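Please read the structure below before turning to the comments.
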Amino acid sequence: MNRLWMSCSIGSLQLPSRLVCTAAGEGMCDGRFHATPRLVERYRELGKAGVIGLLITGHAFVCPEGRRREAQISAADDDGIPALTEVATAAKADGSRIFLQLSHGGLCCEPELTGMPSLGPSAAAHAPEYAGRAMTTEEVQRVPELFARAARRAQLAGFDGVELHMAHGFLFSEFLSPFFNKREDEYGGSQENRTRLAVQTIMAVHDTCGRDFPVIAKINSGDGVEGGMTLEMALHSARMMQQAGLDGLEISGGFCFQKKQSDTPMKPVSLKSGAGIGYFREAARRFHKEFSIPVIMVGGIRTFDFAEEILTRGEADMVGMCRPLIREPSLARRWYRGETVSSDCLSCNACVKLSRTSAGLCCPVKKAGC
């Protein structure tokens with residue numbers, strides 16, 4: 001059997017394969033920020049035949065001030081649990097597993113959208129387009145409980161675990177990064193202090209949901225900006241998270257708000273020239289070598305053979321795809337049937353732009369789901 005279709009585990013949870021559909025904000029929620037039937041069908045389609053071992057939703061906000069997008073899904077109150085249950089049930093119908101990704105947008109939140117000031121570790125005066133208000137110590141200490149309550153809602157809705165979004169310049173990423181974090185209290189200064197909020201949140205989720213409910217994190221392997229978090233800093237923080245009970249790591253990098261696509265987490269990829277294929281490969285390999293918990297490699301995976309190569313060489317425990325599965329949700333099923341065609345995703349990021357509009361997440365090149 002190909003390694004991609006071998007089972008694996010995250011914590012105590014068994015997955016039917018090593019292929020992961022990684023998160024992308026869907027923009028498919030109603031005015032109450034609850035999942036629409038279209039969002040339910042997206043995960044029903046991705047979960048068909050149970051070929052994708054793990055589906056990770058787009059980020060759900062844990063509190064109103066942490067909302068990043070107009071039609072972003074909510075995990076901030078109990079009213080959304082019935083709609084979340086529909087998503088989880090649809091995704092798991094054929095055996096796939098699903099995690100709810102939880103986030104707080106931090107300084108990336110827009111006051112015009114939330115009606116509240118954007119909050120982060122520091123005011124970020126050096127990055128005026130994302131400047132906001134520094135959180136008080138009391139506000140920081142409230143964050144773990146917000147995420148723990150949101151995780152409990154996911155658990156009640158039937159999700160198999162949660163992924164904490166600690167990458168791309170959102171709140172946790174800001175705390176971890178010296179680019180943003182200029183605090184002088186117990187949440188700033190040393191890398192240990194900058195990681196404190198992440199550690200406390202992991203422990204809070206486990207205290208609320210139990211150790212059998214997996215908690216993984218998506219983290220930056222590097223920020224890609226001068227004065228930002230480096231690979232060595234990321235490794236140091238991740239070790240502390242593993243000690244706190246983290247069950248897995250998805251390795252990413254960069255900030256979403258960078259103007260050049262090549263500086264963002266969703267970089268250009270070309271099968272013709274080979275440019276950009278596996279662009280987080282070296283970082284994932286380093287994490288996999290040093291950690292005992294599962295590591296998910298994502299970024300520029302476009303062919304079955306490349307995914308197999310990563311697993312065969314022991315460079316990661318799982319491989320993740322995002323944009324190819326937006327363009328062709330049935331791609332994994334074709335691979336499983338032996339049709340090992342390459343994804344024809346153009347990496348143009350038009351799908352991401354549409355997720356910020358009423359069109360929602362879809363591929364306009366192929367009209368997939370639009």
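Residues are named by chain letter and number: chains run A, B, ... in the order of the structure tokens, numbers start at 1 in each chain, and ligands are numbered from 1 in the order shown.
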Per-residue DSSP, stretch 41-254 of chain A, filtered to alpha helix (DSSP H), as an NGL selection string: :A and (41-46 or 81-91 or 111-114 or 137-156 or 171-176 or 191-209 or 231-243)
Shell around A:Thr201 at 12 Å using only C-alpha atoms, local window under 5 positions removed, as a VMD selection string: chain A and resid 102 to 103 140 to 151 163 to 166 172 195 to 196 206 to 208 215 to 217 241 244 to 246
Based on the selection just made, write C-alpha atoms of those residues as an mmCIF file, in the first residue's frame.
```cif
data_model
loop_
_atom_site.group_PDB
_atom_site.id
_atom_site.type_symbol
_atom_site.label_atom_id
_atom_site.label_comp_id
_atom_site.auth_asym_id
_atom_site.auth_seq_id
_atom_site.Cartn_x
_atom_site.Cartn_y
_atom_site.Cartn_z
ATOM 1 C CA LEU A 102 -9.781 28.250 16.132
ATOM 2 C CA SER A 103 -8.357 31.735 15.875
ATOM 3 C CA VAL A 140 -4.266 38.380 27.757
ATOM 4 C CA GLN A 141 -5.082 36.093 30.663
ATOM 5 C CA ARG A 142 -8.665 35.809 29.387
ATOM 6 C CA VAL A 143 -7.558 34.321 26.046
ATOM 7 C CA PRO A 144 -6.973 30.695 27.153
ATOM 8 C CA GLU A 145 -10.491 30.455 28.531
ATOM 9 C CA LEU A 146 -11.951 31.853 25.297
ATOM 10 C CA PHE A 147 -10.189 29.167 23.269
ATOM 11 C CA ALA A 148 -11.056 26.439 25.776
ATOM 12 C CA ARG A 149 -14.746 27.303 25.608
ATOM 13 C CA ALA A 150 -14.643 27.393 21.803
ATOM 14 C CA ALA A 151 -12.904 24.001 21.768
ATOM 15 C CA GLU A 163 -6.237 23.250 15.522
ATOM 16 C CA LEU A 164 -5.065 26.458 17.189
ATOM 17 C CA HIS A 165 -4.111 29.024 14.555
ATOM 18 C CA MET A 166 -0.734 30.285 15.756
ATOM 19 C CA PHE A 172 -0.786 33.865 18.834
ATOM 20 C CA THR A 195 5.287 31.417 24.245
ATOM 21 C CA ARG A 196 3.507 31.609 27.599
ATOM 22 C CA HIS A 206 -6.992 19.966 27.575
ATOM 23 C CA ASP A 207 -8.311 20.839 31.033
ATOM 24 C CA THR A 208 -11.714 21.617 29.518
ATOM 25 C CA VAL A 215 -5.072 19.763 20.098
ATOM 26 C CA ILE A 216 -2.690 20.654 17.275
ATOM 27 C CA ALA A 217 -1.207 23.995 16.239
ATOM 28 C CA MET A 241 4.065 23.570 23.480
ATOM 29 C CA ALA A 244 2.307 21.467 27.583
ATOM 30 C CA GLY A 245 0.456 18.655 25.810
ATOM 31 C CA LEU A 246 0.304 19.702 22.157
#
```
Residue with smallest distance to A:Asp212 - pool A:Met116, A:Cys322, A:Leu197, A:Leu13, counting only C-alpha atoms: A:Leu13
Long-range neighbours of stretch 299-313 of chain A as number ranges by chain, 9 Å cut-off, only C-alpha atoms, 5 positions minimum in chain: A: 2-4, 18-19, 251-252, 265-271, 276-281, 285, 318-322, 324, 332, 335, 340-345, 347
Can those selected residues be exported to a file as a PDB file, in the first residue's frame so that it contains C-alpha atoms?
```
ATOM      1  CA  ASN A   2       1.140   3.553  -0.715  1.00  0.00           C
ATOM      2  CA  ARG A   3       2.168   5.395   2.426  1.00  0.00           C
ATOM      3  CA  LEU A   4      -0.326   8.157   1.752  1.00  0.00           C
ATOM      4  CA  ARG A  18      -1.969  10.575   5.973  1.00  0.00           C
ATOM      5  CA  LEU A  19      -3.480  13.168   3.656  1.00  0.00           C
ATOM      6  CA  ILE A 251       4.377  23.817   9.700  1.00  0.00           C
ATOM      7  CA  SER A 252       3.741  27.045   7.809  1.00  0.00           C
ATOM      8  CA  PRO A 265       1.896  31.525   3.323  1.00  0.00           C
ATOM      9  CA  MET A 266       0.250  30.805  -0.063  1.00  0.00           C
ATOM     10  CA  LYS A 267       3.242  31.192  -2.350  1.00  0.00           C
ATOM     11  CA  PRO A 268       3.415  30.749  -6.132  1.00  0.00           C
ATOM     12  CA  VAL A 269       4.037  27.187  -7.377  1.00  0.00           C
ATOM     13  CA  SER A 270       4.959  26.013 -10.873  1.00  0.00           C
ATOM     14  CA  LEU A 271       5.041  22.352 -11.873  1.00  0.00           C
ATOM     15  CA  GLY A 276       7.867  26.625  -5.157  1.00  0.00           C
ATOM     16  CA  ILE A 277       7.218  22.886  -4.890  1.00  0.00           C
ATOM     17  CA  GLY A 278       7.318  21.916  -1.222  1.00  0.00           C
ATOM     18  CA  TYR A 279       8.258  25.396  -0.072  1.00  0.00           C
ATOM     19  CA  PHE A 280       8.080  24.511   3.653  1.00  0.00           C
ATOM     20  CA  ARG A 281       9.848  21.190   3.120  1.00  0.00           C
ATOM     21  CA  ARG A 285      11.942  18.085   7.909  1.00  0.00           C
ATOM     22  CA  MET A 318       1.380  13.676   7.097  1.00  0.00           C
ATOM     23  CA  VAL A 319       1.112  15.888   4.043  1.00  0.00           C
ATOM     24  CA  GLY A 320      -1.400  18.663   3.596  1.00  0.00           C
ATOM     25  CA  MET A 321      -2.960  20.382   0.610  1.00  0.00           C
ATOM     26  CA  CYS A 322      -5.171  23.436   0.440  1.00  0.00           C
ATOM     27  CA  PRO A 324      -5.509  22.011  -5.050  1.00  0.00           C
ATOM     28  CA  ALA A 332      -7.690  12.791  -3.521  1.00  0.00           C
ATOM     29  CA  TRP A 335      -5.349   9.545  -6.588  1.00  0.00           C
ATOM     30  CA  THR A 340      -2.204   9.959 -10.057  1.00  0.00           C
ATOM     31  CA  VAL A 341      -2.676  13.113 -12.091  1.00  0.00           C
ATOM     32  CA  SER A 342      -0.993  16.328 -11.026  1.00  0.00           C
ATOM     33  CA  SER A 343      -3.120  19.117  -9.665  1.00  0.00           C
ATOM     34  CA  ASP A 344      -3.645  21.843 -12.231  1.00  0.00           C
ATOM     35  CA  CYS A 345      -4.003  24.499  -9.534  1.00  0.00           C
ATOM     36  CA  SER A 347      -1.611  29.007  -7.252  1.00  0.00           C
TER      37      SER A 347
END
```
Residues within 7 Å of A:Ala167, only C-alpha atoms, excluding chain neighbours under 6 positions, as a PyMOL selection string: chain A and resi 173+218-220+253
Expected answer as a ChimeraX atom specification: strand (DSSP E) residues in stretch 60-264 of chain A: /A:60-61,97-103,119-120,133-134,161-166,215-220,248-252
Using C-alpha atoms, can you export the residues from the last selection as a compact mmCIF listing (two decimals), in the first residue's frame?
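result11.txt, freshly written:
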```
# COMPACT_ATOMS: atom_id res chain seq x y z
CA ALA A 60 -13.47 30.05 13.49
CA PHE A 61 -13.32 33.11 15.71
CA ARG A 97 -11.90 13.03 10.64
CA ILE A 98 -12.37 16.77 11.08
CA PHE A 99 -10.80 19.46 13.30
CA LEU A 100 -12.19 22.94 13.84
CA GLN A 101 -9.49 25.56 13.45
CA LEU A 102 -9.78 28.25 16.13
CA SER A 103 -8.36 31.74 15.87
CA LEU A 119 -5.88 44.12 19.97
CA GLY A 120 -2.44 42.57 20.08
CA ARG A 133 -4.06 48.69 21.10
CA ALA A 134 -1.83 46.64 23.36
CA GLY A 161 -10.15 17.83 17.70
CA VAL A 162 -9.09 21.42 17.19
CA GLU A 163 -6.24 23.25 15.52
CA LEU A 164 -5.07 26.46 17.19
CA HIS A 165 -4.11 29.02 14.55
CA MET A 166 -0.73 30.29 15.76
CA VAL A 215 -5.07 19.76 20.10
CA ILE A 216 -2.69 20.65 17.28
CA ALA A 217 -1.21 24.00 16.24
CA LYS A 218 -0.42 25.68 12.95
CA ILE A 219 2.75 27.68 13.50
CA ASN A 220 5.16 29.80 11.54
CA GLY A 248 0.64 17.77 16.58
CA LEU A 249 2.16 20.53 14.46
CA GLU A 250 1.36 21.95 11.04
CA ILE A 251 4.38 23.82 9.70
CA SER A 252 3.74 27.05 7.81
```
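Taking atom CA of A:Pro37 and atom CA of A:Ile52 as the two end points, the separation is 21.0 Å.
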Top pick for closest residue to A:Asp247, considering A:Ile293, A:Ala76, A:Ala71, A:Ala91 and counting only C-alpha atoms: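 The answer is A:Ile293, which sits nearest to A:Asp247.
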Pick from A:Ala125, A:Leu346, A:Val205, A:Ile296, whichever lies nearest to A:Arg327 using only C-alpha atoms: A:Leu346
Residue contacts of stretch 109-114 of chain A (8 Å, only C-alpha atoms) excluding same-chain residues fewer than 6 positions away, as a PyMOL selection string: chain A and resi 64-70
Interatomic distance (Å, one decimal) between atom CA of A:Ala90 and atom CA of A:Arg44: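 If I compute the distance from atom CA of A:Ala90 to atom CA of A:Arg44, I get 4.6 Å.
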Atom pair atom CA of A:Gly210 / atom CA of A:Gly158: separation (Å): 14.3 Å
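Taking only C-alpha atoms into account, A:His34 lies nearest to A:Ser74 out of the set A:Asn193, A:Ser74, A:Ser96, A:Ser237.
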